[in-house]
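Asks: What follows is coords_29.pdb, PDB, C-alpha atoms and all ligand atoms.
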```
ATOM      1  CA  MET A   1     244.631  65.660 -42.705
ATOM      2  CA  SER A   2     244.466  62.649 -44.976
ATOM      3  CA  GLU A   3     242.990  62.925 -48.436
ATOM      4  CA  LYS A   4     239.406  61.549 -48.586
ATOM      5  CA  GLU A   5     239.202  58.353 -50.578
ATOM      6  CA  ALA A   6     238.226  58.853 -54.210
ATOM      7  CA  ILE A   7     235.385  56.950 -55.867
ATOM      8  CA  THR A   8     236.763  54.017 -57.864
ATOM      9  CA  ILE A   9     235.165  52.197 -60.768
ATOM     10  CA  PRO A  10     234.006  48.701 -59.793
ATOM     11  CA  GLU A  11     235.283  45.829 -61.898
ATOM     12  CA  LEU A  12     233.004  44.298 -64.510
ATOM     13  CA  PRO A  13     231.436  41.056 -63.237
ATOM     14  CA  TYR A  14     232.591  39.311 -66.476
ATOM     15  CA  SER A  15     235.172  39.999 -69.153
ATOM     16  CA  LYS A  16     234.491  42.355 -72.025
ATOM     17  CA  GLU A  17     234.041  39.541 -74.580
ATOM     18  CA  ASP A  18     231.551  37.558 -72.516
ATOM     19  CA  LEU A  19     228.300  39.229 -73.620
ATOM     20  CA  SER A  20     229.143  38.839 -77.300
ATOM     21  CA  PRO A  21     227.489  38.602 -79.801
ATOM     22  CA  HIS A  22     224.621  40.405 -78.029
ATOM     23  CA  ILE A  23     226.871  43.185 -76.789
ATOM     24  CA  SER A  24     230.308  43.268 -78.388
ATOM     25  CA  ALA A  25     233.673  43.681 -76.689
ATOM     26  CA  LYS A  26     233.999  46.930 -78.639
ATOM     27  CA  THR A  27     230.827  48.324 -77.068
ATOM     28  CA  ILE A  28     232.018  47.319 -73.593
ATOM     29  CA  GLU A  29     235.412  48.919 -74.273
ATOM     30  CA  PHE A  30     233.709  52.229 -74.973
ATOM     31  CA  HIS A  31     230.783  51.976 -72.604
ATOM     32  CA  TYR A  32     232.655  50.708 -69.544
ATOM     33  CA  GLY A  33     236.169  51.774 -70.493
ATOM     34  CA  LYS A  34     235.362  55.313 -71.649
ATOM     35  CA  HIS A  35     231.856  56.417 -70.588
ATOM     36  CA  HIS A  36     231.662  54.790 -67.152
ATOM     37  CA  HIS A  37     235.266  55.757 -66.402
ATOM     38  CA  ALA A  38     234.585  59.358 -67.437
ATOM     39  CA  TYR A  39     231.626  59.635 -65.030
ATOM     40  CA  VAL A  40     233.886  58.411 -62.206
ATOM     41  CA  ALA A  41     236.705  60.815 -63.132
ATOM     42  CA  ASN A  42     234.301  63.777 -63.471
ATOM     43  CA  LEU A  43     232.645  62.978 -60.159
ATOM     44  CA  ASN A  44     235.969  62.821 -58.320
ATOM     45  CA  LYS A  45     236.972  66.176 -59.787
ATOM     46  CA  LEU A  46     233.640  67.766 -58.816
ATOM     47  CA  ILE A  47     233.539  66.547 -55.207
ATOM     48  CA  LYS A  48     237.209  67.011 -54.335
ATOM     49  CA  GLY A  49     237.512  69.201 -51.268
ATOM     50  CA  THR A  50     233.721  69.404 -50.721
ATOM     51  CA  ASP A  51     231.720  67.806 -47.902
ATOM     52  CA  LEU A  52     230.595  65.131 -50.393
ATOM     53  CA  ALA A  53     234.124  63.723 -50.694
ATOM     54  CA  GLY A  54     234.448  60.381 -48.934
ATOM     55  CA  LEU A  55     230.687  59.641 -49.005
ATOM     56  CA  LYS A  56     229.209  56.510 -50.549
ATOM     57  CA  ILE A  57     227.938  56.955 -54.078
ATOM     58  CA  GLU A  58     224.306  56.361 -53.022
ATOM     59  CA  ASP A  59     224.591  59.117 -50.424
ATOM     60  CA  ILE A  60     226.058  61.571 -52.954
ATOM     61  CA  VAL A  61     223.113  60.823 -55.282
ATOM     62  CA  ARG A  62     220.520  61.350 -52.532
ATOM     63  CA  ARG A  63     222.164  64.494 -51.166
ATOM     64  CA  THR A  64     222.354  66.262 -54.546
ATOM     65  CA  VAL A  65     219.106  65.269 -56.308
ATOM     66  CA  LYS A  66     217.077  68.269 -55.171
ATOM     67  CA  ASP A  67     219.750  70.944 -55.481
ATOM     68  CA  PRO A  68     219.844  72.654 -58.888
ATOM     69  CA  LYS A  69     223.325  73.999 -58.078
ATOM     70  CA  GLN A  70     224.628  70.437 -57.750
ATOM     71  CA  VAL A  71     223.132  69.026 -60.931
ATOM     72  CA  ALA A  72     226.532  68.194 -62.453
ATOM     73  CA  ILE A  73     227.525  66.224 -59.358
ATOM     74  CA  PHE A  74     224.141  64.466 -59.315
ATOM     75  CA  ASN A  75     224.378  63.554 -63.008
ATOM     76  CA  ASN A  76     227.848  62.055 -62.719
ATOM     77  CA  ALA A  77     227.172  60.268 -59.414
ATOM     78  CA  ALA A  78     223.875  58.814 -60.659
ATOM     79  CA  GLN A  79     225.516  57.663 -63.894
ATOM     80  CA  VAL A  80     228.305  55.955 -61.933
ATOM     81  CA  TRP A  81     225.714  54.116 -59.836
ATOM     82  CA  ASN A  82     223.372  53.307 -62.753
ATOM     83  CA  HIS A  83     226.148  51.820 -64.884
ATOM     84  CA  THR A  84     227.450  49.583 -62.093
ATOM     85  CA  PHE A  85     223.886  48.344 -61.580
ATOM     86  CA  TYR A  86     223.456  47.805 -65.324
ATOM     87  CA  TRP A  87     226.599  45.630 -65.584
ATOM     88  CA  HIS A  88     225.196  43.428 -62.823
ATOM     89  CA  SER A  89     221.772  43.289 -64.488
ATOM     90  CA  MET A  90     223.352  41.180 -67.253
ATOM     91  CA  LYS A  91     225.319  37.956 -67.417
ATOM     92  CA  PRO A  92     226.625  35.677 -70.165
ATOM     93  CA  GLY A  93     223.959  33.084 -70.941
ATOM     94  CA  GLY A  94     221.264  35.054 -69.128
ATOM     95  CA  GLY A  95     217.799  36.105 -70.216
ATOM     96  CA  GLY A  96     214.673  34.074 -70.819
ATOM     97  CA  THR A  97     212.101  33.162 -68.219
ATOM     98  CA  PRO A  98     213.028  33.805 -64.599
ATOM     99  CA  THR A  99     212.935  31.280 -61.782
ATOM    100  CA  GLY A 100     212.621  31.684 -58.040
ATOM    101  CA  ALA A 101     211.004  34.504 -56.119
ATOM    102  CA  ILE A 102     211.028  37.015 -58.980
ATOM    103  CA  SER A 103     209.097  34.608 -61.196
ATOM    104  CA  GLU A 104     206.262  34.411 -58.667
ATOM    105  CA  LYS A 105     206.282  38.149 -58.119
ATOM    106  CA  ILE A 106     206.095  38.829 -61.877
ATOM    107  CA  ASN A 107     203.059  36.543 -62.125
ATOM    108  CA  LEU A 108     201.403  38.183 -59.143
ATOM    109  CA  ASP A 109     202.162  41.864 -59.742
ATOM    110  CA  LEU A 110     202.642  42.191 -63.506
ATOM    111  CA  GLY A 111     200.363  39.478 -64.920
ATOM    112  CA  GLY A 112     203.077  37.055 -66.002
ATOM    113  CA  TYR A 113     206.329  36.959 -67.954
ATOM    114  CA  ASP A 114     204.842  37.912 -71.347
ATOM    115  CA  ALA A 115     203.127  40.936 -69.834
ATOM    116  CA  PHE A 116     206.399  41.894 -68.158
ATOM    117  CA  ILE A 117     208.271  41.733 -71.486
ATOM    118  CA  GLU A 118     205.597  43.781 -73.217
ATOM    119  CA  LYS A 119     205.625  46.512 -70.553
ATOM    120  CA  PHE A 120     209.409  46.567 -70.179
ATOM    121  CA  LYS A 121     210.024  46.741 -73.912
ATOM    122  CA  THR A 122     207.339  49.371 -74.518
ATOM    123  CA  ALA A 123     208.805  51.552 -71.759
ATOM    124  CA  ALA A 124     212.287  51.204 -73.272
ATOM    125  CA  ILE A 125     211.176  51.936 -76.838
ATOM    126  CA  THR A 126     209.099  54.962 -75.816
ATOM    127  CA  GLN A 127     211.781  56.543 -73.615
ATOM    128  CA  PHE A 128     212.428  59.676 -75.657
ATOM    129  CA  GLY A 129     216.152  60.378 -75.897
ATOM    130  CA  SER A 130     218.646  59.139 -73.327
ATOM    131  CA  GLY A 131     217.635  57.292 -70.204
ATOM    132  CA  TRP A 132     217.082  54.057 -68.346
ATOM    133  CA  VAL A 133     214.290  51.530 -67.903
ATOM    134  CA  TRP A 134     213.890  49.762 -64.579
ATOM    135  CA  LEU A 135     212.131  46.891 -62.913
ATOM    136  CA  VAL A 136     211.563  48.194 -59.396
ATOM    137  CA  ILE A 137     209.722  47.576 -56.161
ATOM    138  CA  LYS A 138     207.478  50.512 -55.411
ATOM    139  CA  ASP A 139     205.082  50.485 -52.456
ATOM    140  CA  GLY A 140     205.748  46.769 -52.034
ATOM    141  CA  LYS A 141     204.842  45.825 -55.616
ATOM    142  CA  LEU A 142     206.800  45.303 -58.828
ATOM    143  CA  ASP A 143     206.602  48.124 -61.300
ATOM    144  CA  ILE A 144     208.353  49.228 -64.466
ATOM    145  CA  LEU A 145     209.538  52.766 -64.812
ATOM    146  CA  LYS A 146     211.703  54.868 -67.039
ATOM    147  CA  THR A 147     214.021  57.695 -66.087
ATOM    148  CA  SER A 148     215.540  60.394 -68.275
ATOM    149  CA  ASN A 149     219.237  61.054 -68.663
ATOM    150  CA  ALA A 150     221.000  60.237 -65.377
ATOM    151  CA  ASP A 151     217.926  60.052 -63.156
ATOM    152  CA  THR A 152     217.739  56.964 -60.966
ATOM    153  CA  PRO A 153     215.155  55.253 -58.708
ATOM    154  CA  ILE A 154     217.549  55.357 -55.738
ATOM    155  CA  ALA A 155     217.101  59.144 -55.645
ATOM    156  CA  HIS A 156     213.331  58.674 -55.195
ATOM    157  CA  GLU A 157     213.026  55.994 -52.496
ATOM    158  CA  VAL A 158     212.205  53.295 -55.051
ATOM    159  CA  GLU A 159     214.154  50.026 -54.988
ATOM    160  CA  PRO A 160     215.614  48.961 -58.355
ATOM    161  CA  LEU A 161     215.875  45.273 -59.253
ATOM    162  CA  LEU A 162     217.036  45.432 -62.880
ATOM    163  CA  THR A 163     217.936  48.068 -65.440
ATOM    164  CA  VAL A 164     218.652  48.494 -69.116
ATOM    165  CA  ASP A 165     220.625  51.462 -70.407
ATOM    166  CA  VAL A 166     218.841  53.040 -73.390
ATOM    167  CA  TRP A 167     221.371  55.781 -74.077
ATOM    168  CA  GLU A 168     222.541  55.329 -77.661
ATOM    169  CA  HIS A 169     226.094  54.677 -76.458
ATOM    170  CA  ALA A 170     224.809  51.367 -75.014
ATOM    171  CA  TYR A 171     223.871  49.897 -78.386
ATOM    172  CA  TYR A 172     224.861  52.099 -81.316
ATOM    173  CA  LEU A 173     228.061  50.251 -82.298
ATOM    174  CA  ASP A 174     226.224  46.902 -82.386
ATOM    175  CA  TYR A 175     222.700  47.861 -83.444
ATOM    176  CA  GLN A 176     222.951  51.444 -84.803
ATOM    177  CA  ASN A 177     219.454  52.942 -84.355
ATOM    178  CA  ARG A 178     217.704  49.576 -83.783
ATOM    179  CA  ARG A 179     216.939  49.984 -80.093
ATOM    180  CA  GLY A 180     214.290  47.246 -80.316
ATOM    181  CA  ASP A 181     216.840  44.647 -81.450
ATOM    182  CA  TYR A 182     219.132  45.575 -78.554
ATOM    183  CA  LEU A 183     216.193  45.177 -76.167
ATOM    184  CA  ASP A 184     215.268  41.785 -77.613
ATOM    185  CA  ALA A 185     218.872  40.621 -77.117
ATOM    186  CA  PHE A 186     218.877  41.978 -73.562
ATOM    187  CA  ILE A 187     215.598  40.239 -72.692
ATOM    188  CA  LYS A 188     216.312  36.911 -74.398
ATOM    189  CA  ASN A 189     220.036  36.514 -73.704
ATOM    190  CA  LEU A 190     221.373  38.813 -71.029
ATOM    191  CA  ILE A 191     219.081  39.490 -68.037
ATOM    192  CA  ASN A 192     220.679  38.260 -64.825
ATOM    193  CA  TRP A 193     217.670  36.902 -62.912
ATOM    194  CA  GLU A 194     219.928  35.515 -60.145
ATOM    195  CA  PHE A 195     221.014  39.086 -59.456
ATOM    196  CA  VAL A 196     217.349  40.159 -59.259
ATOM    197  CA  ASN A 197     216.558  37.245 -56.923
ATOM    198  CA  SER A 198     219.534  38.131 -54.731
ATOM    199  CA  ILE A 199     218.045  41.596 -54.143
ATOM    200  CA  ILE A 200     214.563  40.428 -53.190
ATOM    201  CA  ALA A 201     215.779  37.452 -51.123
TER     202      ALA A 201
HETATM  203 FE    FE B   1     225.544  54.106 -70.547
END
```
Will you turn the file into structure tokens for me?
Replies:
Amino acid sequence: MSEKEAITIPELPYSKEDLSPHISAKTIEFHYGKHHHAYVANLNKLIKGTDLAGLKIEDIVRRTVKDPKQVAIFNNAAQVWNHTFYWHSMKPGGGGTPTGAISEKINLDLGGYDAFIEKFKTAAITQFGSGWVWLVIKDGKLDILKTSNADTPIAHEVEPLLTVDVWEHAYYLDYQNRRGDYLDAFIKNLINWEFVNSIIA
């Protein structure tokens, strides 16, 4: 019997220097090179020889979310998925006001770009401890939600459009404890609205 294919870490959609000065190459080296890699390595170790081996990452997340005995597998699988989504949520020269379909939807569902920023930033600042903040589609409408630790909208039938990682490892080397400054940089200079538009297209 052939060995089931291991989960591999997807390549970054840009090089590690490209988000600088908003996110430094050093942060990417640790965050992608160490943290994201470690989640992939841990996950492969945990699922080896189980009936989860060979499944898509999304399916591993959905199959383990409700089982307290599989919390370690869920945490690592969700973190693998969340980080890949986070890398795509940013691009060099991104941020600012969106165009296209997402722009109209933000006006319609969230009361405009300024209201979006206010809600997104407040959610990210008030997330206690480690977690993620998301722009999602829930029941057909845009919404902003936060999740703790590894938790992810894809485990709860909610479609994510954009995420920001608010674990300290995402910003500590560049901003120390100034989460708000990291969020301002993310919003003004990094959000990949084309990626968001490609999901809702
Ligand atoms: Fe992270």
Asks: Atom CA of A:Ser89 and atom CA of A:Leu46 are how many Å apart?
Replies: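 Result for atom CA of A:Ser89 versus atom CA of A:Leu46: 27.8 Å, one decimal.
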Asks: Let me have all residues with an atom within 12 Å of ligand FE 1 (chain B), counting all atoms listed in the file, laid out as number ranges by chain.
Replies: A: 27-39, 76, 78-87, 130-133, 149-150, 163-172
Asks: Suppose you want the space between atom CA of A:Ile191 and atom CA of A:Ile60; what is it in Å?
Replies: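 These two atoms are separated by 27.6 Å.
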Asks: Do you have the atom CA of A:Lys66-atom CA of A:Val196 distance handy?
Replies: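 Here the two named atoms are 28.4 Å from each other.
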Asks: Given the file shown, determine the residues that the PyMOL selection byres (((chain A and resi 139) around 12) and not hetatm) selects; report them as an mmCIF file with C-alpha atoms, in the frame of the given file.
Replies:
```
data_model
loop_
_atom_site.group_PDB
_atom_site.id
_atom_site.type_symbol
_atom_site.label_atom_id
_atom_site.label_comp_id
_atom_site.auth_asym_id
_atom_site.auth_seq_id
_atom_site.Cartn_x
_atom_site.Cartn_y
_atom_site.Cartn_z
ATOM 1 C CA ASP A 109 202.162 41.864 -59.742
ATOM 2 C CA VAL A 136 211.563 48.194 -59.396
ATOM 3 C CA ILE A 137 209.722 47.576 -56.161
ATOM 4 C CA LYS A 138 207.478 50.512 -55.411
ATOM 5 C CA GLY A 140 205.748 46.769 -52.034
ATOM 6 C CA LYS A 141 204.842 45.825 -55.616
ATOM 7 C CA LEU A 142 206.800 45.303 -58.828
ATOM 8 C CA ASP A 143 206.602 48.124 -61.300
ATOM 9 C CA HIS A 156 213.331 58.674 -55.195
ATOM 10 C CA GLU A 157 213.026 55.994 -52.496
ATOM 11 C CA VAL A 158 212.205 53.295 -55.051
ATOM 12 C CA GLU A 159 214.154 50.026 -54.988
#
```
Asks: Name the closest residue to A:Tyr14 among the candidates A:Pro92, A:Leu183, A:Pro153, A:Leu145; distances are taken between atoms, counting only C-alpha atoms.
Replies: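 When distances to A:Tyr14 are compared using only C-alpha atoms, the smallest one comes from A:Pro92.
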Asks: Within 8 Å of A:His88, counting all atoms listed in the file, which residues qualify if same-chain residues fewer than 5 places away don't, as a ChimeraX atom specification?
Replies: /A:13,192,195
Asks: So, counting only C-alpha atoms, which residue among A:Lys4, A:His22, A:Arg63, A:Lys146 is closest to A:Gly93?
Replies: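 Ranked by minimum distance to A:Gly93, first place goes to A:His22.
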Asks: Please list as a PyMOL selection string every residue within 12 Å of A:Gly54, counting only C-alpha atoms and excluding residues in the same chain fewer than 6 positions away.
Replies: chain A and resi 2-8+43-44+47-48+60
Asks: Nearest residue to A:Thr97 out of A:Leu190, A:Ala41, A:Ala201, A:Ile144, using only C-alpha atoms?
Replies: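 Smallest separation from A:Thr97 among the options: A:Leu190.
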Asks: Which of these residues is nearest to A:Ala101, using only C-alpha atoms: A:Ala124, A:Ala185, A:Ile9, A:Ile200?
Replies: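 Of the candidates, the smallest distance to A:Ala101 is held by A:Ile200.
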Asks: From the set A:Asp174, A:Glu58, A:Asp151, A:Asp184, which residue has the shortest atom-to-atom contact distance to A:Gly96, counting all atoms listed in the file?
Replies: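 Of A:Asp174, A:Glu58, A:Asp151, A:Asp184, the one nearest A:Gly96 is A:Asp184, counting all atoms listed in the file.
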Asks: Stretch 116-118 of chain A: which residues within 9 Å, counting all atoms listed in the file, same-chain residues fewer than 4 positions away excluded, as an NGL selection string?
Replies: :A and (106-107 or 110-112 or 122-123 or 144 or 187)
Asks: Please write as a short mmCIF file (atom, residue, chain, number, x, y, z; two decimals) with C-alpha atoms, in the frame of the given file the list of polymer residues whose atoms come within 9 Å of (213.2, 38.8, -58.6), counting all atoms listed in the file and keeping to the coordinates of the file.
Replies:
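Result file is part.cif:
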```cif
data_model
loop_
_atom_site.label_atom_id
_atom_site.label_comp_id
_atom_site.auth_asym_id
_atom_site.auth_seq_id
_atom_site.Cartn_x
_atom_site.Cartn_y
_atom_site.Cartn_z
CA PRO A 98 213.03 33.80 -64.60
CA THR A 99 212.94 31.28 -61.78
CA GLY A 100 212.62 31.68 -58.04
CA ALA A 101 211.00 34.50 -56.12
CA ILE A 102 211.03 37.02 -58.98
CA SER A 103 209.10 34.61 -61.20
CA GLU A 104 206.26 34.41 -58.67
CA LYS A 105 206.28 38.15 -58.12
CA ILE A 106 206.10 38.83 -61.88
CA LEU A 161 215.88 45.27 -59.25
CA LEU A 162 217.04 45.43 -62.88
CA TRP A 193 217.67 36.90 -62.91
CA GLU A 194 219.93 35.52 -60.14
CA PHE A 195 221.01 39.09 -59.46
CA VAL A 196 217.35 40.16 -59.26
CA ASN A 197 216.56 37.24 -56.92
CA SER A 198 219.53 38.13 -54.73
CA ILE A 199 218.04 41.60 -54.14
CA ILE A 200 214.56 40.43 -53.19
CA ALA A 201 215.78 37.45 -51.12
#
```
Asks: Take stretch 60-79 of chain A, model N, CA, C and O atoms, and hand the result over as a short mmCIF file (atom, residue, chain, number, x, y, z; two decimals), keeping the file's coordinate frame.
Replies:
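File selection.cif, as written:
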```
data_model
loop_
_atom_site.label_atom_id
_atom_site.label_comp_id
_atom_site.auth_asym_id
_atom_site.auth_seq_id
_atom_site.Cartn_x
_atom_site.Cartn_y
_atom_site.Cartn_z
N ILE A 60 225.82 60.39 -52.11
CA ILE A 60 226.06 61.57 -52.95
C ILE A 60 224.84 61.80 -53.84
O ILE A 60 224.35 62.92 -53.98
N VAL A 61 224.31 60.73 -54.42
CA VAL A 61 223.11 60.82 -55.28
C VAL A 61 221.95 61.43 -54.49
O VAL A 61 221.30 62.39 -54.93
N ARG A 62 221.69 60.90 -53.30
CA ARG A 62 220.52 61.35 -52.53
C ARG A 62 220.69 62.76 -51.99
O ARG A 62 219.72 63.50 -51.85
N ARG A 63 221.93 63.15 -51.73
CA ARG A 63 222.16 64.49 -51.17
C ARG A 63 222.14 65.59 -52.22
O ARG A 63 222.04 66.76 -51.89
N THR A 64 222.27 65.22 -53.51
CA THR A 64 222.35 66.26 -54.55
C THR A 64 221.13 66.33 -55.45
O THR A 64 221.00 67.27 -56.23
N VAL A 65 220.20 65.36 -55.33
CA VAL A 65 219.11 65.27 -56.31
C VAL A 65 218.20 66.51 -56.32
O VAL A 65 217.69 66.89 -57.38
N LYS A 66 218.04 67.16 -55.19
CA LYS A 66 217.08 68.27 -55.17
C LYS A 66 217.73 69.64 -55.28
O LYS A 66 217.06 70.65 -55.18
N ASP A 67 219.04 69.66 -55.47
CA ASP A 67 219.75 70.94 -55.48
C ASP A 67 220.18 71.31 -56.90
O ASP A 67 221.11 70.71 -57.44
N PRO A 68 219.51 72.29 -57.50
CA PRO A 68 219.84 72.65 -58.89
C PRO A 68 221.30 73.09 -59.06
O PRO A 68 221.86 72.97 -60.14
N LYS A 69 221.92 73.57 -57.98
CA LYS A 69 223.32 74.00 -58.08
C LYS A 69 224.28 72.79 -58.14
O LYS A 69 225.44 72.94 -58.50
N GLN A 70 223.76 71.62 -57.78
CA GLN A 70 224.63 70.44 -57.75
C GLN A 70 224.26 69.43 -58.83
O GLN A 70 224.56 68.24 -58.71
N VAL A 71 223.63 69.93 -59.89
CA VAL A 71 223.13 69.03 -60.93
C VAL A 71 224.27 68.26 -61.62
O VAL A 71 224.11 67.07 -61.94
N ALA A 72 225.42 68.89 -61.79
CA ALA A 72 226.53 68.19 -62.45
C ALA A 72 227.03 67.05 -61.57
O ALA A 72 227.34 65.96 -62.07
N ILE A 73 227.10 67.29 -60.28
CA ILE A 73 227.52 66.22 -59.36
C ILE A 73 226.49 65.11 -59.36
O ILE A 73 226.83 63.92 -59.47
N PHE A 74 225.19 65.48 -59.27
CA PHE A 74 224.14 64.47 -59.32
C PHE A 74 224.24 63.62 -60.59
O PHE A 74 224.20 62.39 -60.53
N ASN A 75 224.35 64.29 -61.73
CA ASN A 75 224.38 63.55 -63.01
C ASN A 75 225.52 62.54 -63.06
O ASN A 75 225.33 61.40 -63.46
N ASN A 76 226.71 62.97 -62.66
CA ASN A 76 227.85 62.06 -62.72
C ASN A 76 227.74 60.94 -61.67
O ASN A 76 228.02 59.78 -61.98
N ALA A 77 227.31 61.29 -60.47
CA ALA A 77 227.17 60.27 -59.41
C ALA A 77 226.10 59.25 -59.79
O ALA A 77 226.30 58.03 -59.65
N ALA A 78 224.97 59.73 -60.28
CA ALA A 78 223.88 58.81 -60.66
C ALA A 78 224.31 57.92 -61.81
O ALA A 78 224.03 56.72 -61.82
N GLN A 79 225.04 58.48 -62.78
CA GLN A 79 225.52 57.66 -63.89
C GLN A 79 226.54 56.62 -63.44
O GLN A 79 226.55 55.50 -63.96
#
```
